[in-house]
Every structure is written in structure tokens, then in C-alpha cells.
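This is coords.pdb. It holds PDB, C-alpha atoms.
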MODEL        1
ATOM      1  CA  MET B   1     -46.739 -27.846   2.771
ATOM      2  CA  ALA B   2     -48.285 -30.105   0.139
ATOM      3  CA  ARG B   3     -48.950 -28.763  -3.318
ATOM      4  CA  THR B   4     -52.426 -29.063  -4.718
ATOM      5  CA  SER B   5     -52.885 -26.805  -7.694
ATOM      6  CA  SER B   6     -51.156 -23.661  -8.787
ATOM      7  CA  PRO B   7     -52.841 -20.574  -7.326
ATOM      8  CA  GLU B   8     -52.401 -18.762 -10.580
ATOM      9  CA  GLY B   9     -53.554 -21.630 -12.782
ATOM     10  CA  ALA B  10     -51.420 -24.105 -14.676
ATOM     11  CA  LEU B  11     -48.203 -22.575 -16.000
ATOM     12  CA  ARG B  12     -46.121 -23.888 -18.832
ATOM     13  CA  THR B  13     -42.985 -25.612 -17.553
ATOM     14  CA  THR B  14     -40.651 -22.921 -18.873
ATOM     15  CA  ASP B  15     -42.777 -20.141 -17.393
ATOM     16  CA  ALA B  16     -42.913 -21.926 -14.052
ATOM     17  CA  GLU B  17     -39.126 -22.338 -13.943
ATOM     18  CA  GLU B  18     -38.577 -18.704 -14.919
ATOM     19  CA  THR B  19     -40.936 -17.629 -12.154
ATOM     20  CA  ARG B  20     -39.157 -19.827  -9.610
ATOM     21  CA  LEU B  21     -35.732 -18.482 -10.615
ATOM     22  CA  ASN B  22     -36.996 -14.909 -10.477
ATOM     23  CA  ILE B  23     -38.245 -15.498  -6.930
ATOM     24  CA  LEU B  24     -34.901 -17.007  -5.925
ATOM     25  CA  ASP B  25     -32.953 -14.099  -7.441
ATOM     26  CA  VAL B  26     -34.956 -11.494  -5.564
ATOM     27  CA  ALA B  27     -35.053 -13.527  -2.354
ATOM     28  CA  THR B  28     -31.269 -13.976  -2.446
ATOM     29  CA  ALA B  29     -30.776 -10.220  -2.408
ATOM     30  CA  GLU B  30     -33.380  -9.769   0.342
ATOM     31  CA  PHE B  31     -32.002 -12.461   2.631
ATOM     32  CA  ALA B  32     -28.408 -11.363   2.007
ATOM     33  CA  ASP B  33     -29.255  -7.774   2.958
ATOM     34  CA  LYS B  34     -31.753  -8.346   5.779
ATOM     35  CA  GLY B  35     -31.278 -11.890   7.022
ATOM     36  CA  LEU B  36     -34.044 -14.398   7.617
ATOM     37  CA  SER B  37     -35.778 -12.373  10.325
ATOM     38  CA  GLY B  38     -35.647  -9.072   8.456
ATOM     39  CA  ALA B  39     -36.771 -10.243   5.004
ATOM     40  CA  ARG B  40     -40.479 -10.115   4.210
ATOM     41  CA  ILE B  41     -42.419 -12.292   1.776
ATOM     42  CA  ASP B  42     -44.591  -9.293   0.846
ATOM     43  CA  GLU B  43     -41.533  -7.284  -0.195
ATOM     44  CA  ILE B  44     -40.103 -10.195  -2.160
ATOM     45  CA  ALA B  45     -43.415 -10.653  -3.975
ATOM     46  CA  GLU B  46     -43.555  -6.955  -4.872
ATOM     47  CA  ARG B  47     -40.164  -7.208  -6.588
ATOM     48  CA  THR B  48     -40.900 -10.389  -8.546
ATOM     49  CA  ASN B  49     -43.287 -11.399 -11.292
ATOM     50  CA  ALA B  50     -45.051 -13.699  -8.810
ATOM     51  CA  SER B  51     -47.716 -13.241  -6.164
ATOM     52  CA  LYS B  52     -47.287 -13.985  -2.477
ATOM     53  CA  ARG B  53     -49.489 -17.062  -2.931
ATOM     54  CA  MET B  54     -47.223 -18.261  -5.726
ATOM     55  CA  ILE B  55     -44.182 -17.992  -3.448
ATOM     56  CA  TYR B  56     -45.954 -20.123  -0.862
ATOM     57  CA  TYR B  57     -46.930 -22.572  -3.597
ATOM     58  CA  TYR B  58     -43.323 -23.049  -4.715
ATOM     59  CA  PHE B  59     -41.509 -22.881  -1.378
ATOM     60  CA  GLY B  60     -44.062 -23.401   1.391
ATOM     61  CA  GLY B  61     -43.185 -20.217   3.291
ATOM     62  CA  LYS B  62     -40.358 -17.905   4.237
ATOM     63  CA  GLU B  63     -38.137 -20.524   5.841
ATOM     64  CA  GLY B  64     -38.579 -22.857   2.883
ATOM     65  CA  LEU B  65     -37.630 -20.033   0.530
ATOM     66  CA  TYR B  66     -34.611 -19.173   2.677
ATOM     67  CA  ARG B  67     -33.412 -22.781   2.593
ATOM     68  CA  ALA B  68     -33.844 -22.867  -1.187
ATOM     69  CA  VAL B  69     -31.738 -19.711  -1.457
ATOM     70  CA  LEU B  70     -29.041 -21.235   0.747
ATOM     71  CA  GLU B  71     -29.063 -24.468  -1.252
ATOM     72  CA  ARG B  72     -28.628 -22.648  -4.547
ATOM     73  CA  ALA B  73     -25.837 -20.466  -3.145
ATOM     74  CA  TYR B  74     -23.857 -23.389  -1.729
ATOM     75  CA  THR B  75     -24.451 -25.481  -4.850
ATOM     76  CA  ALA B  76     -23.115 -22.688  -7.044
ATOM     77  CA  VAL B  77     -19.891 -22.249  -5.093
ATOM     78  CA  ARG B  78     -19.272 -25.996  -5.001
ATOM     79  CA  GLU B  79     -19.946 -26.306  -8.733
ATOM     80  CA  MET B  80     -17.309 -23.632  -9.248
ATOM     81  CA  ASP B  81     -14.879 -25.825  -7.320
ATOM     82  CA  ALA B  82     -15.847 -28.991  -9.180
ATOM     83  CA  ASP B  83     -15.760 -27.523 -12.675
ATOM     84  CA  ASN B  84     -11.964 -27.295 -12.699
ATOM     85  CA  LEU B  85     -10.053 -30.316 -11.428
ATOM     86  CA  ARG B  86      -6.679 -28.804 -12.455
ATOM     87  CA  ASP B  87      -5.040 -32.172 -13.090
ATOM     88  CA  HIS B  88      -3.170 -30.680 -16.033
ATOM     89  CA  LEU B  89      -1.404 -28.139 -13.814
ATOM     90  CA  GLU B  90       1.656 -28.571 -11.661
ATOM     91  CA  PRO B  91       0.668 -28.809  -7.968
ATOM     92  CA  ASP B  92       1.869 -25.311  -7.065
ATOM     93  CA  ALA B  93       0.079 -23.805 -10.076
ATOM     94  CA  ALA B  94      -3.058 -25.806  -9.257
ATOM     95  CA  LEU B  95      -3.055 -24.523  -5.677
ATOM     96  CA  ARG B  96      -2.568 -20.943  -6.802
ATOM     97  CA  ASP B  97      -5.449 -21.368  -9.241
ATOM     98  CA  VAL B  98      -7.733 -22.705  -6.489
ATOM     99  CA  VAL B  99      -6.960 -19.724  -4.266
ATOM    100  CA  GLY B 100      -7.360 -17.208  -7.077
ATOM    101  CA  ALA B 101     -10.671 -18.699  -8.203
ATOM    102  CA  THR B 102     -11.979 -18.706  -4.631
ATOM    103  CA  PHE B 103     -10.946 -15.084  -4.115
ATOM    104  CA  ASP B 104     -12.622 -14.075  -7.379
ATOM    105  CA  TYR B 105     -15.831 -15.939  -6.584
ATOM    106  CA  HIS B 106     -16.222 -14.318  -3.173
ATOM    107  CA  ASN B 107     -15.518 -10.879  -4.613
ATOM    108  CA  GLN B 108     -17.983 -11.396  -7.483
ATOM    109  CA  HIS B 109     -20.690 -12.860  -5.222
ATOM    110  CA  PRO B 110     -20.817 -10.755  -2.042
ATOM    111  CA  GLU B 111     -24.362 -12.001  -1.496
ATOM    112  CA  PHE B 112     -22.913 -15.463  -0.814
ATOM    113  CA  VAL B 113     -20.672 -14.033   1.895
ATOM    114  CA  ARG B 114     -23.582 -12.200   3.520
ATOM    115  CA  LEU B 115     -25.796 -15.295   3.392
ATOM    116  CA  VAL B 116     -23.089 -17.324   5.141
ATOM    117  CA  MET B 117     -22.678 -14.595   7.758
ATOM    118  CA  ASN B 118     -26.432 -14.514   8.372
ATOM    119  CA  GLU B 119     -26.639 -18.295   8.658
ATOM    120  CA  ASN B 120     -23.845 -18.247  11.233
ATOM    121  CA  ILE B 121     -25.792 -15.657  13.236
ATOM    122  CA  LEU B 122     -28.543 -18.299  13.251
ATOM    123  CA  ARG B 123     -25.935 -20.846  14.445
ATOM    124  CA  GLY B 124     -26.307 -22.893  11.267
ATOM    125  CA  ALA B 125     -29.964 -23.663  11.957
ATOM    126  CA  HIS B 126     -30.845 -24.227   8.290
ATOM    127  CA  VAL B 127     -27.657 -25.258   6.503
ATOM    128  CA  GLY B 128     -28.138 -28.830   7.724
ATOM    129  CA  GLU B 129     -31.340 -29.006   5.678
ATOM    130  CA  ILE B 130     -29.462 -28.597   2.398
ATOM    131  CA  PRO B 131     -29.383 -31.964   0.601
ATOM    132  CA  GLY B 132     -25.918 -33.278  -0.196
ATOM    133  CA  ILE B 133     -23.952 -30.383   1.308
ATOM    134  CA  ARG B 134     -21.527 -32.639   3.164
ATOM    135  CA  GLU B 135     -20.921 -34.777   0.098
ATOM    136  CA  ARG B 136     -20.148 -31.696  -2.009
ATOM    137  CA  ASN B 137     -17.826 -30.393   0.701
ATOM    138  CA  ARG B 138     -16.005 -33.724   0.810
ATOM    139  CA  LYS B 139     -15.358 -33.454  -2.926
ATOM    140  CA  VAL B 140     -13.698 -30.067  -2.417
ATOM    141  CA  VAL B 141     -11.522 -31.481   0.345
ATOM    142  CA  GLU B 142     -10.560 -34.503  -1.770
ATOM    143  CA  HIS B 143      -9.606 -32.178  -4.606
ATOM    144  CA  LEU B 144      -7.245 -30.292  -2.287
ATOM    145  CA  ARG B 145      -5.951 -33.565  -0.863
ATOM    146  CA  GLY B 146      -4.994 -34.650  -4.373
ATOM    147  CA  ILE B 147      -3.166 -31.394  -5.097
ATOM    148  CA  LEU B 148      -1.281 -31.659  -1.806
ATOM    149  CA  ALA B 149      -0.331 -35.295  -2.445
ATOM    150  CA  ARG B 150       1.019 -34.459  -5.893
ATOM    151  CA  GLY B 151       2.925 -31.543  -4.395
ATOM    152  CA  VAL B 152       4.522 -33.760  -1.747
ATOM    153  CA  THR B 153       5.531 -36.264  -4.426
ATOM    154  CA  ASN B 154       7.058 -33.463  -6.515
ATOM    155  CA  ARG B 155       8.784 -32.111  -3.402
ATOM    156  CA  GLN B 156       6.970 -28.784  -3.781
ATOM    157  CA  PHE B 157       4.806 -29.056  -0.638
ATOM    158  CA  ARG B 158       5.593 -30.181   2.877
ATOM    159  CA  GLU B 159       3.970 -33.259   4.343
ATOM    160  CA  GLY B 160       1.246 -33.302   6.974
ATOM    161  CA  ILE B 161      -1.038 -30.526   5.734
ATOM    162  CA  ASP B 162      -4.675 -31.217   6.592
ATOM    163  CA  PRO B 163      -6.770 -30.431   3.475
ATOM    164  CA  VAL B 164      -9.700 -29.336   5.657
ATOM    165  CA  GLU B 165      -7.428 -26.842   7.432
ATOM    166  CA  LEU B 166      -6.162 -25.677   4.056
ATOM    167  CA  HIS B 167      -9.690 -25.203   2.766
ATOM    168  CA  MET B 168     -10.637 -23.289   5.911
ATOM    169  CA  THR B 169      -7.626 -20.985   5.594
ATOM    170  CA  ILE B 170      -8.280 -20.294   1.918
ATOM    171  CA  SER B 171     -11.943 -19.560   2.631
ATOM    172  CA  ALA B 172     -11.133 -17.336   5.602
ATOM    173  CA  LEU B 173      -8.666 -15.141   3.731
ATOM    174  CA  CYS B 174     -10.918 -14.813   0.681
ATOM    175  CA  PHE B 175     -14.028 -14.275   2.816
ATOM    176  CA  TYR B 176     -12.501 -11.477   4.893
ATOM    177  CA  ASN B 177     -11.922  -9.232   1.920
ATOM    178  CA  VAL B 178     -15.683  -9.080   1.390
ATOM    179  CA  SER B 179     -17.074  -9.487   4.915
ATOM    180  CA  ASN B 180     -14.885  -6.758   6.452
ATOM    181  CA  ARG B 181     -14.486  -4.525   3.433
ATOM    182  CA  TYR B 182     -16.279  -1.489   4.800
ATOM    183  CA  THR B 183     -15.091  -1.511   8.400
ATOM    184  CA  PHE B 184     -11.470  -2.229   7.445
ATOM    185  CA  SER B 185     -11.478   0.428   4.732
ATOM    186  CA  TYR B 186     -12.743   3.033   7.185
ATOM    187  CA  GLY B 187     -10.642   2.007  10.165
ATOM    188  CA  PHE B 188      -7.340   1.743   8.298
ATOM    189  CA  GLU B 189      -8.023   4.266   5.512
ATOM    190  CA  ARG B 190      -7.249   1.555   2.985
ATOM    191  CA  ASP B 191      -9.181   1.061  -0.248
ATOM    192  CA  MET B 192     -10.277  -2.572  -0.540
ATOM    193  CA  SER B 193     -12.577  -2.440  -3.556
ATOM    194  CA  SER B 194     -10.738  -0.798  -6.458
ATOM    195  CA  PRO B 195      -9.366  -3.076  -9.212
ATOM    196  CA  LYS B 196      -5.823  -2.232  -8.127
ATOM    197  CA  ALA B 197      -6.510  -2.983  -4.462
ATOM    198  CA  LEU B 198      -8.276  -6.238  -5.313
ATOM    199  CA  ALA B 199      -5.446  -7.404  -7.576
ATOM    200  CA  ARG B 200      -2.885  -6.635  -4.867
ATOM    201  CA  ARG B 201      -4.868  -8.408  -2.163
ATOM    202  CA  ARG B 202      -5.577 -11.379  -4.425
ATOM    203  CA  MET B 203      -1.874 -11.880  -5.039
ATOM    204  CA  SER B 204      -1.101 -11.525  -1.327
ATOM    205  CA  VAL B 205      -3.598 -14.230  -0.400
ATOM    206  CA  ILE B 206      -2.273 -16.575  -3.090
ATOM    207  CA  ASP B 207       1.319 -16.012  -1.932
ATOM    208  CA  VAL B 208       0.441 -16.576   1.740
ATOM    209  CA  ILE B 209      -1.285 -19.904   1.028
ATOM    210  CA  GLU B 210       1.432 -21.173  -1.272
ATOM    211  CA  SER B 211       4.186 -20.173   1.150
ATOM    212  CA  TRP B 212       2.401 -22.013   3.975
ATOM    213  CA  CYS B 213       2.312 -25.193   1.894
ATOM    214  CA  ARG B 214       5.863 -25.009   0.538
ATOM    215  CA  ARG B 215       8.586 -27.296   1.812
TER     216      ARG B 215
ENDMDL
END
Would you encode the structure as C-alpha cells?
Amino acid sequence: MARTSSPEGALRTTDAEETRLNILDVATAEFADKGLSGARIDEIAERTNASKRMIYYYFGGKEGLYRAVLERAYTAVREMDADNLRDHLEPDAALRDVVGATFDYHNQHPEFVRLVMNENILRGAHVGEIPGIRERNRKVVEHLRGILARGVTNRQFREGIDPVELHMTISALCFYNVSNRYTFSYGFERDMSSPKALARRRMSVIDVIESWCRR
């Protein structure tokens, strides 16, 4: 959808960016809670400082807004990975730090977990539209590959570990604590959200991953 002129008149650059971010914040919560099919542009507009026409002006429609939400969510999690290369740490400490940071991020951003779950319900129909997602994912894998290689050299880790498999296992264990929190808590009468329970589970996940990689 081509832009012509702003439906609300020309906005100062800072105001326009604040409006866009406000829309994305509200839309993230809506899409995370209701999915693409359940979210409504009217409801998003009511909760923002923008009109429905302004949302269409910035994003072109509901699917365009959904893709922008996905892009920001995936960019944020990959920036978290890239911000700490951990070269100063011993390989085992670096791996433990990766797992701990991933666990913390998922726990602190449950909306990311729900967005990923919703996109998988859609069979990944929109994730392929995110610019640069594969390149950012490759950087995460290369980071893990480097940690593993250093660990093999130091005789801390066994040889032959696929960094993609490692990344998948880390993500799965950290993801589950958020995605299945309510059903698991009810079914097994086990608290999964208190600070004590989170600290215990975090340590368990870190220990499992490190033990799997150890010689």
C-alpha cells in the first residue's frame, strides 16, 4: 500500500516514531493474546494514540502490522544474543551464560513465546517475510559453534555437537517453561512462576545443556 500523505497531517519525526512504537507495543500484546485472526485493528486503535487510518498509513493493514510486530520481536531476541559474544569467558561458562540469558529472556518476554506459537499455528506463513531473519539466525549459530570449538580445544566439550541442534535444544527447554506454564502447573500441582521455582528451573536447564555437551 503506497503512502501518499499522512491522514492526520504532517507529524514531526519524533512524534511519528513515538506513534509508530506505540502502535507496535499495543499490537504486540493483541497479537500475542489473540493471534492474527483474533486481533482487530479497531481494538488496537482504541488502545493507542493513533487512529485506524494512521495504522493503515504506517503498516498498510493488519497483516502488515502483524509482520512488523514479528520482525521487531525476532530482532530483539537476536540482538540479545549478539550483544554478548562471551569471548572473555571460558567455554563452559560461556555456554552456561547463553542458556541462562535465553531462559531469562523467554521468562521476561512471554509475548515473544506466544507470538512464535501463533506463527507456528499459521505454519510460518509470515516469518519468511522478515528481512534478514536467516542471517541473524546464522550469527547465533556461529556464536555457539565458536563456543563449542573452544570447548573441544580445552577438552571441556565432546566433539561432533551440531550447533543448530544445540540452539534448538536450548530454545526448547527455555520455551517450555513459558509456553506450558499454566497447563503443567495445574496438571502436576507444581508452581512454575515464583522466583524460587524459576531459579530452580533455570539452573536445571543450564545443568542439562552443559552435561549434554561435556566430554
Inset, instruction - I need the residue set behind the PyMOL selection byres ((chain B and resi 149-154) around 9) for this file; please write it as a ChimeraX atom specification. - result: /B:90-92,144-148,155-159,213-215
Inset, instruction - Can you pull out every residue within 10 Å of B:Asp81, counting only C-alpha atoms, but drop anything in the same chain fewer than 5 positions away, and send it as a list in words? - result: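 With the cut-off at 10 Å, the set is Thr75, Ala76, Val98, Ala101, Thr102, Tyr105, Arg136, Asn137, Lys139, Val140 and His143 of chain B.
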Legend entry - For atom CA of B:Asp25 and atom CA of B:Tyr56, the interatomic separation in Å (one decimal):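 For atom CA of B:Asp25 relative to atom CA of B:Tyr56, the distance reads 15.8 Å.
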Inset, instruction - Would you please work out which residue, of B:Leu95, B:Leu85, B:Ile130, B:Ile55, is nearest to B:Asp207 when using only C-alpha atoms? - result: B:Leu95
Inset, instruction - Would you list the residues near (-16.8, -10.1, 2.0), meaning any protein, DNA or RNA residue with an atom at most 10 Å from that point in file coordinates, counting only C-alpha atoms, as a list in words? - result: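 Collected hits near the coordinates: Phe103, His106, Asn107, Gln108, His109, Pro110, Glu111, Phe112, Val113, Arg114, Met117, Ala172, Leu173, Cys174, Phe175, Tyr176, Asn177, Val178, Ser179, Asn180, Arg181 and Tyr182 of chain B.
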Legend entry - Distance of atom CA of B:Phe184 from atom CA of B:Met168, expressed in Å to one decimal place: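 A separation of 21.1 Å between them.
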Legend entry - Residues within 9 Å of (-28.0, -19.8, 2.4), file coords, only C-alpha atoms, listed as a list in words: Thr28, Phe31, Ala32, Tyr66, Arg67, Ala68, Val69, Leu70, Glu71, Arg72, Ala73, Tyr74, Phe112, Arg114, Leu115, Val116, Asn118, Glu119, His126, Val127 and Ile130 of chain B
Inset, instruction - Rank nothing, just name the residue among B:Lys62, B:Arg200, B:His88, B:Arg138 nearest to B:Gly35, using all atoms listed in the file. - result: B:Lys62
Legend entry - For atom CA of B:Ser211 and atom CA of B:His167, the interatomic separation in Å (one decimal):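 Between atom CA of B:Ser211 and atom CA of B:His167 the gap is 14.8 Å.
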Inset, instruction - Please evaluate the PyMOL selection byres ((chain B and resi 23) around 8) against the displayed coordinates and give the resulting residues as a PyMOL selection string. - result: chain B and resi 19-22+24-27+44-45+48-50+55
Inset, instruction - Would you please work out which residue, of B:Arg201, B:Arg53, B:Arg40, B:Arg134, is nearest to B:Val99 when using all atoms listed in the file? - result: B:Arg201
Legend entry - Residue nearest B:Met203 - candidates B:Asp97, B:Lys52, B:Ile41, B:Arg47, atoms counted: all atoms listed in the file: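 Checking each candidate against B:Met203, we get B:Asp97 as the closest.
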Which centre and which edge lengths, in Å to one decimal, describe the axis-aligned box that holds all listed atoms of stretch 55-73 of chain B after 3 Å is added on each side, as JSON?
{"center_x": -36.4, "center_y": -21.2, "center_z": 0.6, "size_x": 27.1, "size_y": 12.6, "size_z": 16.6}
Legend entry - Given only C-alpha atoms as the counted atoms, nearest of B:Asn120, B:Thr169, B:Tyr58, B:Asp104 to B:Val208: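 Comparing B:Asn120, B:Thr169, B:Tyr58, B:Asp104 against B:Val208, the winner is B:Thr169.
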